[in-house]
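Enquirer: My file is start15.csv. It has CSV, C-alpha atoms:
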chain,number,residue,atom,x,y,z
A,179,MET,CA,39.6,27.0,-21.8
A,180,ALA,CA,38.2,28.6,-24.9
A,181,TYR,CA,41.5,30.1,-26.1
A,182,THR,CA,44.5,27.9,-26.6
A,183,SER,CA,46.8,31.0,-26.3
A,184,ASP,CA,47.2,33.4,-23.5
A,185,SER,CA,48.4,36.1,-25.9
A,186,ILE,CA,45.2,35.8,-27.9
A,187,GLU,CA,43.1,35.9,-24.8
A,188,LYS,CA,44.9,39.1,-23.7
A,189,LEU,CA,44.4,40.9,-27.0
A,190,VAL,CA,40.7,39.9,-27.2
A,191,GLU,CA,40.3,41.5,-23.7
A,192,GLU,CA,42.2,44.6,-24.8
A,193,PHE,CA,40.0,45.1,-27.9
A,194,ALA,CA,36.8,44.3,-25.9
A,195,GLN,CA,37.4,47.1,-23.5
A,196,LEU,CA,37.1,49.7,-26.3
A,197,PRO,CA,33.7,51.4,-26.7
A,198,SER,CA,31.2,49.7,-29.1
A,199,ILE,CA,33.4,46.6,-29.4
A,200,GLY,CA,31.9,43.5,-27.9
A,201,ARG,CA,33.6,40.2,-27.2
A,202,LYS,CA,32.7,38.7,-30.6
A,203,THR,CA,34.0,41.6,-32.5
A,204,ALA,CA,37.1,41.7,-30.3
A,205,GLN,CA,37.7,38.0,-31.3
A,206,ARG,CA,37.3,38.8,-35.0
A,207,LEU,CA,39.7,41.7,-34.7
A,208,THR,CA,42.3,39.5,-32.9
A,209,MET,CA,42.0,36.9,-35.7
A,210,HIS,CA,42.5,39.7,-38.2
A,211,VAL,CA,45.6,40.9,-36.4
A,212,LEU,CA,47.0,37.3,-36.4
A,213,LYS,CA,46.8,37.3,-40.1
A,214,MET,CA,48.3,40.8,-40.6
A,215,PRO,CA,51.9,41.0,-41.7
A,216,LYS,CA,54.2,41.6,-38.6
A,217,GLU,CA,55.4,45.0,-39.8
A,218,GLU,CA,51.8,46.3,-39.9
A,219,VAL,CA,51.1,45.1,-36.4
A,220,THR,CA,54.3,46.8,-35.2
A,221,ASP,CA,53.1,50.0,-36.9
A,222,PHE,CA,49.7,49.7,-35.2
A,223,ALA,CA,51.4,49.2,-31.8
A,224,LYS,CA,53.6,52.2,-32.5
A,225,ALA,CA,50.7,54.3,-33.5
A,226,LEU,CA,49.0,53.5,-30.1
A,227,LEU,CA,52.1,54.4,-28.1
A,228,ASP,CA,52.8,57.5,-30.2
A,229,VAL,CA,49.3,58.9,-29.7
A,230,LYS,CA,49.9,58.8,-25.9
A,231,GLU,CA,53.5,60.0,-26.2
A,232,LYS,CA,53.1,62.9,-28.6
A,233,VAL,CA,49.5,64.1,-28.4
A,234,LYS,CA,48.9,66.9,-25.9
A,235,TYR,CA,46.3,69.7,-25.4
A,236,CYS,CA,46.9,72.9,-27.3
A,237,SER,CA,47.4,75.6,-24.6
A,238,VAL,CA,45.2,78.0,-26.6
A,239,CYS,CA,42.2,76.1,-27.8
A,240,PHE,CA,42.6,72.8,-25.8
A,241,ASN,CA,42.2,70.7,-28.9
A,242,PHE,CA,44.5,67.7,-29.3
A,243,THR,CA,47.7,68.5,-31.0
A,244,ASP,CA,51.3,67.2,-31.6
A,245,HIS,CA,52.7,70.7,-31.4
A,246,ASP,CA,51.7,73.4,-29.0
A,247,PRO,CA,50.0,75.7,-30.0
A,248,CYS,CA,48.1,73.6,-32.6
A,249,ALA,CA,48.2,74.1,-36.3
A,250,LEU,CA,44.8,75.7,-36.3
A,251,CYS,CA,45.7,78.3,-33.7
A,252,GLU,CA,49.0,79.1,-35.4
A,253,SER,CA,47.7,79.2,-38.9
A,254,GLN,CA,47.8,82.7,-40.6
A,255,LYS,CA,44.9,81.7,-42.8
A,256,ARG,CA,42.4,81.5,-40.0
A,257,ASN,CA,40.3,84.4,-38.8
A,258,LYS,CA,41.4,85.0,-35.2
A,259,LYS,CA,38.4,87.2,-34.5
A,260,ILE,CA,35.8,84.4,-34.6
A,261,ILE,CA,35.9,81.7,-31.9
A,262,CYS,CA,33.7,78.6,-32.2
A,263,VAL,CA,33.1,76.9,-28.8
A,264,VAL,CA,32.7,73.1,-28.9
A,265,GLU,CA,32.5,70.3,-26.3
A,266,GLU,CA,35.1,67.8,-27.6
A,267,PRO,CA,38.1,67.6,-30.0
A,268,ASN,CA,35.8,65.3,-32.1
A,269,ASP,CA,33.6,68.2,-32.8
A,270,VAL,CA,36.5,70.2,-34.2
A,271,ILE,CA,37.1,67.4,-36.6
A,272,ALA,CA,33.5,67.3,-37.7
A,273,LEU,CA,33.3,71.1,-38.2
A,274,GLU,CA,36.7,71.1,-40.1
A,275,LYS,CA,35.3,68.5,-42.5
A,276,THR,CA,32.7,71.0,-43.7
A,277,HIS,CA,35.5,73.4,-44.9
A,278,GLU,CA,33.0,76.2,-44.0
A,279,PHE,CA,34.5,77.6,-40.8
A,280,LYS,CA,37.7,79.6,-41.0
A,281,GLY,CA,37.9,80.9,-37.5
A,282,LEU,CA,39.5,79.4,-34.4
A,283,TYR,CA,38.1,76.9,-31.9
A,284,HIS,CA,37.8,76.6,-28.2
A,285,VAL,CA,37.3,73.1,-26.8
A,286,LEU,CA,35.5,73.1,-23.4
A,287,GLY,CA,36.3,69.4,-22.7
A,288,GLY,CA,32.7,68.5,-22.0
A,289,ALA,CA,29.4,70.2,-21.2
A,290,LEU,CA,27.8,71.3,-17.9
A,291,SER,CA,26.1,68.4,-16.2
A,292,PRO,CA,25.0,68.9,-12.6
A,293,LEU,CA,23.9,65.3,-12.4
A,294,ASP,CA,27.4,64.1,-13.1
A,295,GLY,CA,28.9,66.8,-11.0
A,296,ILE,CA,30.4,68.7,-13.9
A,297,GLY,CA,30.4,72.4,-13.2
A,298,PRO,CA,32.0,75.4,-15.0
A,299,GLU,CA,35.3,74.9,-13.2
A,300,ASP,CA,35.6,71.4,-14.8
A,301,LEU,CA,35.4,72.9,-18.3
A,302,LYS,CA,37.8,75.4,-20.0
A,303,VAL,CA,35.5,78.3,-19.3
A,304,LYS,CA,38.1,80.4,-17.5
A,305,GLU,CA,40.5,79.9,-20.4
A,306,LEU,CA,37.8,81.0,-22.8
A,307,LEU,CA,37.2,84.2,-20.9
A,308,ALA,CA,41.0,84.8,-20.9
A,309,ARG,CA,41.0,84.5,-24.7
A,310,LEU,CA,38.3,87.1,-25.0
A,311,GLN,CA,40.7,89.8,-23.6
A,312,GLU,CA,42.0,90.0,-27.1
A,313,ASP,CA,40.1,91.4,-30.0
A,314,VAL,CA,37.2,89.0,-30.8
A,315,ASP,CA,34.2,89.8,-33.0
A,316,GLU,CA,32.1,86.8,-32.6
A,317,ILE,CA,31.6,83.7,-30.4
A,318,ILE,CA,29.8,80.8,-32.1
A,319,LEU,CA,28.4,78.3,-29.6
A,320,ALA,CA,28.4,74.9,-31.3
A,321,LEU,CA,27.4,72.6,-28.4
A,322,ASN,CA,25.5,69.4,-28.8
A,323,PRO,CA,21.7,69.8,-29.1
A,324,ASN,CA,21.0,67.8,-25.9
A,325,VAL,CA,20.2,68.8,-22.3
A,326,GLU,CA,23.9,69.2,-21.3
A,327,GLY,CA,24.7,71.2,-24.4
A,328,GLU,CA,21.7,73.4,-24.0
A,329,THR,CA,22.5,74.1,-20.4
A,330,THR,CA,26.1,75.0,-21.3
A,331,THR,CA,24.9,77.2,-24.2
A,332,VAL,CA,22.5,79.2,-21.9
A,333,TYR,CA,25.2,79.4,-19.2
A,334,LEU,CA,27.9,80.7,-21.6
A,335,ALA,CA,25.5,83.1,-23.3
A,336,LYS,CA,24.7,84.7,-19.9
A,337,LEU,CA,28.3,84.7,-18.9
A,338,LEU,CA,29.6,86.3,-22.1
A,339,LYS,CA,26.8,88.9,-22.5
A,340,PRO,CA,28.5,91.7,-20.5
A,341,LEU,CA,31.5,91.5,-22.8
A,342,ASN,CA,29.6,93.0,-25.7
A,343,ILE,CA,30.8,90.5,-28.2
A,344,LYS,CA,28.4,89.1,-30.8
A,345,ILE,CA,27.3,85.6,-29.6
A,346,THR,CA,25.6,83.2,-31.9
A,347,ARG,CA,24.7,79.5,-31.8
A,348,ILE,CA,24.5,77.0,-34.6
A,349,ALA,CA,21.1,76.4,-36.1
A,350,ARG,CA,18.8,73.6,-34.9
A,351,GLY,CA,16.4,72.2,-37.4
A,352,LEU,CA,15.8,69.4,-39.9
A,353,PRO,CA,18.9,67.6,-40.9
A,354,ILE,CA,19.5,67.4,-44.7
A,355,GLY,CA,18.0,64.3,-46.3
A,356,SER,CA,15.5,63.8,-43.5
A,357,ASP,CA,11.8,63.7,-43.7
A,358,LEU,CA,9.6,66.3,-42.1
A,359,GLU,CA,6.9,63.7,-41.4
A,360,PHE,CA,9.3,61.7,-39.2
A,361,ALA,CA,11.0,64.6,-37.4
A,362,ASP,CA,10.4,64.8,-33.7
A,363,GLU,CA,8.4,67.6,-32.1
A,364,ALA,CA,11.4,69.3,-30.5
A,365,THR,CA,13.3,69.4,-33.8
A,366,LEU,CA,10.3,70.7,-35.7
A,367,THR,CA,9.7,73.4,-33.0
A,368,ARG,CA,13.3,74.5,-33.3
A,369,ALA,CA,13.1,74.5,-37.1
A,370,LEU,CA,10.0,76.7,-37.0
A,371,GLU,CA,11.5,79.1,-34.5
A,372,GLY,CA,14.7,79.3,-36.6
A,373,ARG,CA,12.9,80.0,-39.9
A,374,VAL,CA,14.8,82.4,-42.1
A,375,ALA,CA,13.4,84.9,-44.7
A,376,LEU,CA,13.8,83.9,-48.4
B,296,MET,CA,43.4,69.5,-42.4
B,297,ALA,CA,40.8,67.7,-40.4
B,298,TYR,CA,43.2,66.4,-37.7
B,299,THR,CA,45.4,68.7,-35.8
B,300,SER,CA,47.8,65.8,-35.0
B,301,ASP,CA,49.6,63.4,-37.3
B,302,SER,CA,49.7,60.8,-34.5
B,303,ILE,CA,45.9,60.9,-34.2
B,304,GLU,CA,45.5,60.7,-38.0
B,305,LYS,CA,47.8,57.6,-38.1
B,306,LEU,CA,46.0,55.8,-35.3
B,307,VAL,CA,42.6,56.5,-36.9
B,308,GLU,CA,44.0,54.9,-40.1
B,309,GLU,CA,45.3,51.9,-38.2
B,310,PHE,CA,41.9,51.3,-36.6
B,311,ALA,CA,40.0,51.9,-39.8
B,312,GLN,CA,41.9,49.1,-41.6
B,313,LEU,CA,40.5,46.5,-39.2
B,314,PRO,CA,37.4,44.6,-40.4
B,315,SER,CA,34.0,46.1,-39.5
B,316,ILE,CA,35.5,49.3,-38.3
B,317,GLY,CA,34.7,52.4,-40.4
B,318,ARG,CA,36.3,55.8,-40.3
B,319,LYS,CA,33.9,57.2,-37.7
B,320,THR,CA,34.3,54.3,-35.3
B,321,ALA,CA,38.1,54.5,-35.8
B,322,GLN,CA,37.9,58.1,-34.8
B,323,ARG,CA,35.8,57.3,-31.7
B,324,LEU,CA,38.2,54.5,-30.7
B,325,THR,CA,41.2,56.9,-31.1
B,326,MET,CA,39.5,59.5,-28.9
B,327,HIS,CA,39.0,56.7,-26.3
B,328,VAL,CA,42.7,55.7,-26.5
B,329,LEU,CA,43.6,59.3,-25.9
B,330,LYS,CA,41.6,59.3,-22.7
B,331,MET,CA,43.0,55.9,-21.5
B,332,PRO,CA,45.7,55.9,-18.8
B,333,LYS,CA,49.1,55.5,-20.4
B,334,GLU,CA,49.9,52.1,-18.8
B,335,GLU,CA,46.7,50.7,-20.3
B,336,VAL,CA,47.7,51.9,-23.8
B,337,THR,CA,51.2,50.4,-23.3
B,338,ASP,CA,49.5,47.1,-22.3
B,339,PHE,CA,47.4,47.2,-25.4
B,340,ALA,CA,50.4,47.9,-27.7
B,341,LYS,CA,52.3,45.0,-26.0
B,342,ALA,CA,49.3,42.6,-26.4
B,343,LEU,CA,49.4,43.4,-30.2
B,344,LEU,CA,53.1,42.7,-30.5
B,345,ASP,CA,52.9,39.6,-28.2
B,346,VAL,CA,50.2,38.1,-30.4
B,347,LYS,CA,52.5,38.2,-33.4
B,348,GLU,CA,55.5,37.3,-31.4
B,349,LYS,CA,54.3,34.3,-29.5
B,350,VAL,CA,51.3,32.8,-31.3
B,351,LYS,CA,52.1,30.1,-33.8
B,352,TYR,CA,50.3,27.2,-35.3
B,353,CYS,CA,50.1,23.9,-33.4
B,354,SER,CA,52.0,21.3,-35.5
B,355,VAL,CA,49.3,18.7,-34.7
B,356,CYS,CA,45.9,20.4,-35.1
B,357,PHE,CA,47.0,23.8,-36.7
B,358,ASN,CA,45.0,25.8,-34.2
B,359,PHE,CA,46.7,29.0,-32.9
B,360,THR,CA,48.8,28.4,-29.8
B,361,ASP,CA,51.6,29.8,-27.6
B,362,HIS,CA,53.1,26.4,-27.1
B,363,ASP,CA,53.5,23.6,-29.7
B,364,PRO,CA,51.7,21.2,-29.4
B,365,CYS,CA,48.7,23.2,-28.1
B,366,ALA,CA,47.1,22.7,-24.8
B,367,LEU,CA,44.1,20.9,-26.4
B,368,CYS,CA,46.3,18.4,-28.2
B,369,GLU,CA,48.5,17.8,-25.2
B,370,SER,CA,45.7,17.4,-22.7
B,371,GLN,CA,45.2,14.0,-21.1
B,372,LYS,CA,41.6,14.7,-20.5
B,373,ARG,CA,40.6,14.8,-24.2
B,374,ASN,CA,39.5,11.8,-26.2
B,375,LYS,CA,42.2,11.4,-28.8
B,376,LYS,CA,40.1,9.0,-30.9
B,377,ILE,CA,37.6,11.7,-32.0
B,378,ILE,CA,38.8,14.4,-34.3
B,379,CYS,CA,36.5,17.4,-35.2
B,380,VAL,CA,37.5,19.1,-38.5
B,381,VAL,CA,36.8,22.8,-38.7
B,382,GLU,CA,37.7,25.6,-41.0
B,383,GLU,CA,39.3,28.2,-38.8
B,384,PRO,CA,40.7,28.7,-35.2
B,385,ASN,CA,37.6,30.8,-34.5
B,386,ASP,CA,35.5,27.7,-34.9
B,387,VAL,CA,37.5,25.9,-32.2
B,388,ILE,CA,36.7,28.7,-29.8
B,389,ALA,CA,33.0,28.5,-30.7
B,390,LEU,CA,32.9,24.8,-30.2
B,391,GLU,CA,34.9,24.9,-27.0
B,392,LYS,CA,32.5,27.4,-25.5
B,393,THR,CA,29.8,24.7,-25.6
B,394,HIS,CA,31.8,22.5,-23.3
B,395,GLU,CA,30.2,19.6,-25.2
B,396,PHE,CA,33.0,18.2,-27.2
B,397,LYS,CA,35.9,16.4,-25.5
B,398,GLY,CA,37.8,15.2,-28.5
B,399,LEU,CA,40.6,16.8,-30.6
B,400,TYR,CA,40.4,19.3,-33.4
B,401,HIS,CA,41.9,19.7,-36.8
B,402,VAL,CA,41.9,23.2,-38.3
B,403,LEU,CA,41.9,23.1,-42.1
B,404,GLY,CA,42.7,26.8,-42.5
B,405,GLY,CA,39.8,27.5,-44.8
B,406,ALA,CA,37.4,25.7,-47.1
B,407,LEU,CA,37.6,24.5,-50.7
B,408,SER,CA,36.7,27.3,-53.0
B,409,PRO,CA,37.5,26.7,-56.7
B,410,LEU,CA,36.4,30.3,-57.5
B,411,ASP,CA,39.1,31.7,-55.2
B,412,GLY,CA,41.6,29.1,-56.4
B,413,ILE,CA,41.6,27.3,-53.0
B,414,GLY,CA,42.2,23.6,-53.6
B,415,PRO,CA,42.9,20.7,-51.2
B,416,GLU,CA,46.6,21.4,-51.3
B,417,ASP,CA,46.0,24.9,-49.8
B,418,LEU,CA,44.3,23.3,-46.7
B,419,LYS,CA,45.7,21.0,-44.1
B,420,VAL,CA,44.1,17.9,-45.7
B,421,LYS,CA,47.4,16.0,-46.1
B,422,GLU,CA,48.1,16.6,-42.4
B,423,LEU,CA,44.6,15.3,-41.5
B,424,LEU,CA,45.3,12.1,-43.4
B,425,ALA,CA,48.6,11.7,-41.6
B,426,ARG,CA,46.8,12.0,-38.2
B,427,LEU,CA,44.4,9.2,-39.2
B,428,GLN,CA,47.3,6.7,-39.3
B,429,GLU,CA,46.9,6.6,-35.6
B,430,ASP,CA,43.9,4.9,-33.9
B,431,VAL,CA,40.9,7.2,-34.6
B,432,ASP,CA,37.3,6.2,-34.1
B,433,GLU,CA,35.3,9.1,-35.5
B,434,ILE,CA,35.8,12.2,-37.7
B,435,ILE,CA,33.3,14.9,-37.1
B,436,LEU,CA,33.0,17.4,-40.0
B,437,ALA,CA,32.0,20.7,-38.6
B,438,LEU,CA,32.4,23.0,-41.6
B,439,ASN,CA,30.3,26.1,-42.2
B,440,PRO,CA,26.9,25.5,-43.7
B,441,ASN,CA,27.6,27.4,-46.9
B,442,VAL,CA,28.7,26.5,-50.5
B,443,GLU,CA,32.4,26.3,-49.6
B,444,GLY,CA,31.8,24.3,-46.4
B,445,GLU,CA,29.5,21.9,-48.1
B,446,THR,CA,32.0,21.4,-51.0
B,447,THR,CA,34.7,20.6,-48.4
B,448,THR,CA,32.4,18.3,-46.4
B,449,VAL,CA,31.6,16.3,-49.5
B,450,TYR,CA,35.2,16.2,-50.6
B,451,LEU,CA,36.5,15.0,-47.3
B,452,ALA,CA,33.7,12.5,-46.8
B,453,LYS,CA,34.7,10.9,-50.2
B,454,LEU,CA,38.4,11.1,-49.4
B,455,LEU,CA,38.1,9.5,-45.9
B,456,LYS,CA,35.6,6.8,-46.8
B,457,PRO,CA,38.2,4.2,-47.8
B,458,LEU,CA,39.8,4.5,-44.3
B,459,ASN,CA,36.8,2.8,-42.7
B,460,ILE,CA,36.5,5.4,-39.9
B,461,LYS,CA,33.1,6.6,-38.8
B,462,ILE,CA,32.5,10.0,-40.5
B,463,THR,CA,29.8,12.3,-39.2
B,464,ARG,CA,28.8,15.9,-39.8
B,465,ILE,CA,27.2,18.4,-37.4
B,466,ALA,CA,23.4,18.8,-37.8
B,467,ARG,CA,21.9,21.5,-39.9
B,468,GLY,CA,18.4,22.6,-38.9
B,469,LEU,CA,16.5,25.3,-37.1
B,470,PRO,CA,18.7,27.4,-34.7
B,471,ILE,CA,17.4,27.5,-31.1
B,472,GLY,CA,15.2,30.5,-30.4
B,473,SER,CA,14.3,30.9,-34.1
B,474,ASP,CA,10.9,30.8,-35.7
B,475,LEU,CA,9.8,28.1,-38.1
B,476,GLU,CA,7.7,30.6,-40.0
B,477,PHE,CA,10.7,32.7,-40.9
B,478,ALA,CA,13.2,30.0,-41.6
B,479,ASP,CA,14.5,29.8,-45.2
B,480,GLU,CA,13.6,26.9,-47.5
B,481,ALA,CA,17.2,25.4,-47.4
B,482,THR,CA,17.3,25.3,-43.6
B,483,LEU,CA,13.8,23.8,-43.4
B,484,THR,CA,14.6,21.2,-46.0
B,485,ARG,CA,17.7,20.2,-44.0
B,486,ALA,CA,15.7,20.2,-40.7
B,487,LEU,CA,13.2,17.8,-42.3
B,488,GLU,CA,15.9,15.6,-43.7
B,489,GLY,CA,17.7,15.5,-40.4
B,490,ARG,CA,14.6,14.7,-38.3
B,491,VAL,CA,15.3,12.3,-35.4
B,492,ALA,CA,13.0,9.8,-33.7
B,493,LEU,CA,11.5,10.7,-30.3
Could you quickly redo this structure as structure tokens?
Expert:
Amino acid sequence: MAYTSDSIEKLVEEFAQLPSIGRKTAQRLTMHVLKMPKEEVTDFAKALLDVKEKVKYCSVCFNFTDHDPCALCESQKRNKKIICVVEEPNDVIALEKTHEFKGLYHVLGGALSPLDGIGPEDLKVKELLARLQEDVDEIILALNPNVEGETTTVYLAKLLKPLNIKITRIARGLPIGSDLEFADEATLTRALEGRVAL
Amino acid sequence: MAYTSDSIEKLVEEFAQLPSIGRKTAQRLTMHVLKMPKEEVTDFAKALLDVKEKVKYCSVCFNFTDHDPCALCESQKRNKKIICVVEEPNDVIALEKTHEFKGLYHVLGGALSPLDGIGPEDLKVKELLARLQEDVDEIILALNPNVEGETTTVYLAKLLKPLNIKITRIARGLPIGSDLEFADEATLTRALEGRVAL
């Protein structure tokens, strides 16, 4: 009997099931919660319930949202003629943080992965095609630079080609602050291929 | 506007306030929660509330417990004549995991730290002395091997000396699996001082 309290045991287990949180960290988090003021813990519990209660998928872009359609899709400030295709809602957050992109998004909900049995029908590909019935100038494919992302990029490029819309993909090359010497061959090859005129 | 949902924003903030969880991890955890079945999230929220609702301090050893006195203090299988003094409830869990110690515990609730303004009156020292009115054979001081823990050990040893109870401290030396070559001077010094006859 390591824990003298079932409630503590239970909360440690709950924390430990989260990704990247091991049993030791779960224990430390539980001890922290025990020292938190009661109102803060109540807020935390409420935030957990709220997120399941209120958050749904936007029926246009399939990003997470409290209101359907989401604030990005509804915004008058966004360029509705450019759609950036990403794998997960996480990716939208990452791109929004750059404050560079002013178009709309389309969240596929994953990437093609034949090994895991994930085909086009498991992703929001049909819904993407439906959106392209409207006037769209450019599709930016912003999928992860790994096997699944590449596969999906190639698949979508082929699928969208007949529509005569400009299709681009985000650049692959050396990340800022990195060292050419330590870059892997695949990254360097892409960086060379993607060289731009000065 | 990085998040398209206030509920998500709120939960990310809640996770990010926990120790050792940065904003990126908080975001990943939130995304995980969004994908969890609703019942599991409800259980998680309930575990959080329960821990604040049900867990209190044991009035004997000041460990966390659901029932007062705690299961350890109430157990008939424990040797009530040996008391192991530790800083935090965490330390009880760590020691219990060894299955080596069969006595009782006393949780001080911290260690002496004049710099942080923590004196003996902020710890459960008075309560420890009260417990020693009963028949106790040995006090094991198991405080952390750092400045605060050492200070507390020396303070308690001096305080308890007149009571004529055997006072011991846990050994300081090389941790199992470590390398003598890479041990720091302080650890090696303690290891030499604490050498035992074979």
Enquirer: Calculated over only C-alpha atoms, which of the candidates A:Thr182, A:Leu196, A:Glu266, A:Leu337 has the smallest distance to Cys356 in chain B?
Expert: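 Among the listed residues, A:Thr182 lies closest to Cys356 in chain B.
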Enquirer: One decimal, Å: what's the distance from CA of Leu250 in chain A over to CA of Leu282 in chain A, could you say?
Expert: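 CA of Leu250 in chain A sits 6.7 Å away from CA of Leu282 in chain A.
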Enquirer: Quick one: of B:Leu427, B:Leu451, B:Ile377, B:Ile388, who's nearest to chain A, counting all atoms listed in the file?
Expert: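 Closest candidate: B:Ile388.
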Enquirer: Do you have the CA of His284 in chain A-CA of Lys302 in chain A distance handy?
Expert: 8.3 Å
Enquirer: Fewer than 5 positions away in the same chain doesn't count, so skip those; otherwise give me all residues within 9 Å of Ile345 in chain A, counting all atoms listed in the file, as a list in words.
Expert: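 Final neighbour list, sorted by chain and number: Asp315, Glu316, Ile317, Ile318, Leu319, Ala335, Leu338 and Lys339 of chain A.
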Enquirer: Determine the nearest neighbour of Asp269 in chain A from the options B:Ser408, B:Arg323, B:Pro364, B:Leu344, counting only C-alpha atoms.
Expert: B:Arg323
Enquirer: Give me the residues near Leu483 in chain B as a CSV table (one decimal) with C-alpha atoms, in the coordinates of the input, where near means some atom within 12 Å (using only C-alpha atoms) and where sequence neighbours in that chain fewer than 3 positions away do not count.
Expert:
chain,number,residue,atom,x,y,z
B,467,ARG,CA,21.9,21.5,-39.9
B,468,GLY,CA,18.4,22.6,-38.9
B,469,LEU,CA,16.5,25.3,-37.1
B,470,PRO,CA,18.7,27.4,-34.7
B,473,SER,CA,14.3,30.9,-34.1
B,474,ASP,CA,10.9,30.8,-35.7
B,475,LEU,CA,9.8,28.1,-38.1
B,476,GLU,CA,7.7,30.6,-40.0
B,477,PHE,CA,10.7,32.7,-40.9
B,478,ALA,CA,13.2,30.0,-41.6
B,479,ASP,CA,14.5,29.8,-45.2
B,480,GLU,CA,13.6,26.9,-47.5
B,486,ALA,CA,15.7,20.2,-40.7
B,487,LEU,CA,13.2,17.8,-42.3
B,488,GLU,CA,15.9,15.6,-43.7
B,489,GLY,CA,17.7,15.5,-40.4
B,490,ARG,CA,14.6,14.7,-38.3
Enquirer: Specify as a ChimeraX atom specification all residues of chain A found within 8 Å of chain B, counting only C-alpha atoms.
Expert: /A:179-186,188-189,192,196-197,205-207,209-212,216,219-220,222-230,232-233,241-245,248-250,268,270-272,274-275
